[in-house]
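For reference, the structure discussed in these notes is given below.
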Amino acid sequence: MKAVILVEPEIPENTGSIARLAHNYDYQIRIVNPEFNLEKARKTAKNGQEKLRNAKIYDNVEEAVDGLDFVVGTKPGKGVGLKEFTPRDNTSIMIGRESSGLSNEELEMCDAVVHIETEDYRSINQSHATAIVMHSFAETEGEGLDLDKKEYISSIVDSEVLEKLIFRANPSESEANRLIGDLKDMSD
Ligand SMILES: C[S@@+](CC[C@H](N)C(=O)[O-])C[C@H]1O[C@@H](n2cnc3c(N)ncnc32)[C@H](O)[C@@H]1O
């Protein structure tokens with residue numbers, strides 16, 4: 001199961017548009033402390049009414065990510081460029097507040113962080129950003145690193161290096177194979 005997690009959304013029209021996307025791309029909706037009554041999001045939700053009705057509400061981000069396999073946080077200019085990122089199956093997406101985005105603490109709770117590459121002003125509308133990420137993930141979902149390989153790499157590399165340099169970038173299968181080859185060469 002994959003979810004789109006909205007952290008303290010402020011603009012009902014954006015949440016409605018994201019509910020519509022959640023229907024189109026089949027994500028569960030999880031919302032942390034919405035700043036408005038969700039009824040107000042109905043107008044722009046269009047065919048996403050059921051997704052909006054079934055949205056799960058949480059008091060904090062920690063509870064909202066509980067039980068999800070792999071969560072990707074989104075932040076203009078931070079983390080890995082979306083074009084370089086390969087999602088695995090059931091990759092969830094965390095989307096920040098319209099005013100201030102996601103805090104560093106909230107990004108820390110994600111398994112990886114991506115940014116959408118833009119030409120100039122890096123921040124784009126919240127629901128537009130969600131559409132771009134969902135569409136990109138739909139094109140390459142499942143090509144990401146499988147868990148067996150993750151376990152193997154974990155057994156031979158220092159955990160801090162692993163967390164910061166490798167898993168945050170969520171290498172694709174071919175990148176992981178190359179990485180394993182390089183690590184083997186280094187240890188020979
Ligand atoms: C209007 S933006 C918030 C901008 C805020 N100043 C920041 O730095 O995150 C609202 C949300 O849309 C998503 N978003 C907007 N532009 C993005 C980009 N270029 N890359 C990734 N996510 C983006 C993020 O989830 C962000 O928290």
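Convention: chains lettered A, B, ... in structure tokens order; per-chain residue numbering from 1; ligands numbered from 1 as shown.
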
**OP:** Compute the set of protein, DNA and RNA residues whose minimum atom distance to ligand 1 is at most 6 Å, using only C-alpha atoms and all ligand atoms, and state it as JSON, numbers by chain.
**Re:** {"A": [74, 75, 76, 95, 96, 97, 98, 99, 100, 101, 102, 115, 116, 122, 123, 124, 125, 126, 129]}

**OP:** Can you list, as a PyMOL selection string, all residues belonging to segment 6-165 of chain A that DSSP tags as alpha helix (DSSP H)?
**Re:** chain A and resi 12-25+42-45+49-53+61-65+104-108+126-140+147-156+159-161

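All residues of protein, DNA or RNA that reach within 9 Å of Ala138 of chain A, judged by only C-alpha atoms and not counting those fewer than 5 positions away in the chain, are Tyr25, Pro87 and Val133 of chain A.
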
Export of the given selection (N, CA and C atoms) as a tab-separated table (two decimals), in the first residue's frame:
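Contents of the output file part_14.tsv:
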chain	number	residue	atom	x	y	z
A	25	TYR	N	-3.86	8.00	-9.45
A	25	TYR	CA	-2.62	7.21	-9.33
A	25	TYR	C	-2.69	6.18	-8.20
A	87	PRO	N	11.95	4.82	-7.89
A	87	PRO	CA	11.14	4.32	-6.77
A	87	PRO	C	11.01	2.80	-6.79
A	133	VAL	N	5.49	14.40	-9.12
A	133	VAL	CA	6.15	13.27	-8.44
A	133	VAL	C	5.36	11.98	-8.69

Pick out the residues sitting within 6 Å of segment 54-61 of chain A, and hand them over as a PDB file with N, CA and C atoms, in the first residue's frame; count only C-alpha atoms, and ignore anything fewer than 3 positions along from it in its own chain.
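Listing of selection.pdb after writing:
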ATOM      1  N   ILE A  29      -4.775   8.504   1.200  1.00  0.00           N
ATOM      2  CA  ILE A  29      -4.423   9.859   1.673  1.00  0.00           C
ATOM      3  C   ILE A  29      -4.274   9.832   3.190  1.00  0.00           C
ATOM      4  N   ARG A  30      -3.137  10.347   3.672  1.00  0.00           N
ATOM      5  CA  ARG A  30      -2.917  10.521   5.110  1.00  0.00           C
ATOM      6  C   ARG A  30      -2.665  12.006   5.343  1.00  0.00           C
ATOM      7  N   ILE A  31      -3.373  12.591   6.303  1.00  0.00           N
ATOM      8  CA  ILE A  31      -3.212  14.034   6.538  1.00  0.00           C
ATOM      9  C   ILE A  31      -2.849  14.284   7.998  1.00  0.00           C
ATOM     10  N   VAL A  32      -1.773  15.055   8.185  1.00  0.00           N
ATOM     11  CA  VAL A  32      -1.365  15.432   9.539  1.00  0.00           C
ATOM     12  C   VAL A  32      -1.941  16.823   9.821  1.00  0.00           C
ATOM     13  N   ASN A  33      -2.769  16.914  10.849  1.00  0.00           N
ATOM     14  CA  ASN A  33      -3.341  18.191  11.300  1.00  0.00           C
ATOM     15  C   ASN A  33      -3.769  19.147  10.186  1.00  0.00           C
ATOM     16  N   LYS A  51     -11.589   8.985  -1.988  1.00  0.00           N
ATOM     17  CA  LYS A  51     -10.250   9.047  -1.385  1.00  0.00           C
ATOM     18  C   LYS A  51     -10.248  10.083  -0.265  1.00  0.00           C
ATOM     19  N   ALA A  64       1.904   9.187  11.159  1.00  0.00           N
ATOM     20  CA  ALA A  64       1.433   9.122   9.764  1.00  0.00           C
ATOM     21  C   ALA A  64       2.297   8.211   8.893  1.00  0.00           C
TER      22      ALA A  64
END

Original post:
Which is closest to Asn90 of chain A among A:Glu50, A:Asp26, A:Glu119, A:Glu39, if we use only C-alpha atoms?
Top reply: A:Asp26

Find the spatial neighbours of Asn37 of chain A, counting only C-alpha atoms, within a cut-off of 12 Å - ignore same-chain residues fewer than 6 positions away - and output them as a compact mmCIF listing (two decimals) with C-alpha atoms, in the first residue's frame.
# COMPACT_ATOMS: atom_id res chain seq x y z
CA GLU A 8 -0.52 20.45 7.84
CA PRO A 9 -2.03 21.47 4.50
CA GLU A 10 -3.39 25.02 4.49
CA ILE A 11 -5.26 25.47 1.20
CA PRO A 12 -8.36 23.29 0.67
CA GLU A 13 -8.24 23.60 -3.14
CA THR A 15 -5.83 19.19 -0.96
CA GLY A 16 -8.85 18.58 -3.22
CA ILE A 31 -3.21 14.03 6.54
CA LEU A 52 -10.93 12.28 0.49
CA ARG A 53 -13.70 10.69 2.58
CA ILE A 57 -6.01 12.00 9.98

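Here atom CA of Gly77 of chain A and atom CA of Thr118 of chain A stand 9.0 Å from one another.
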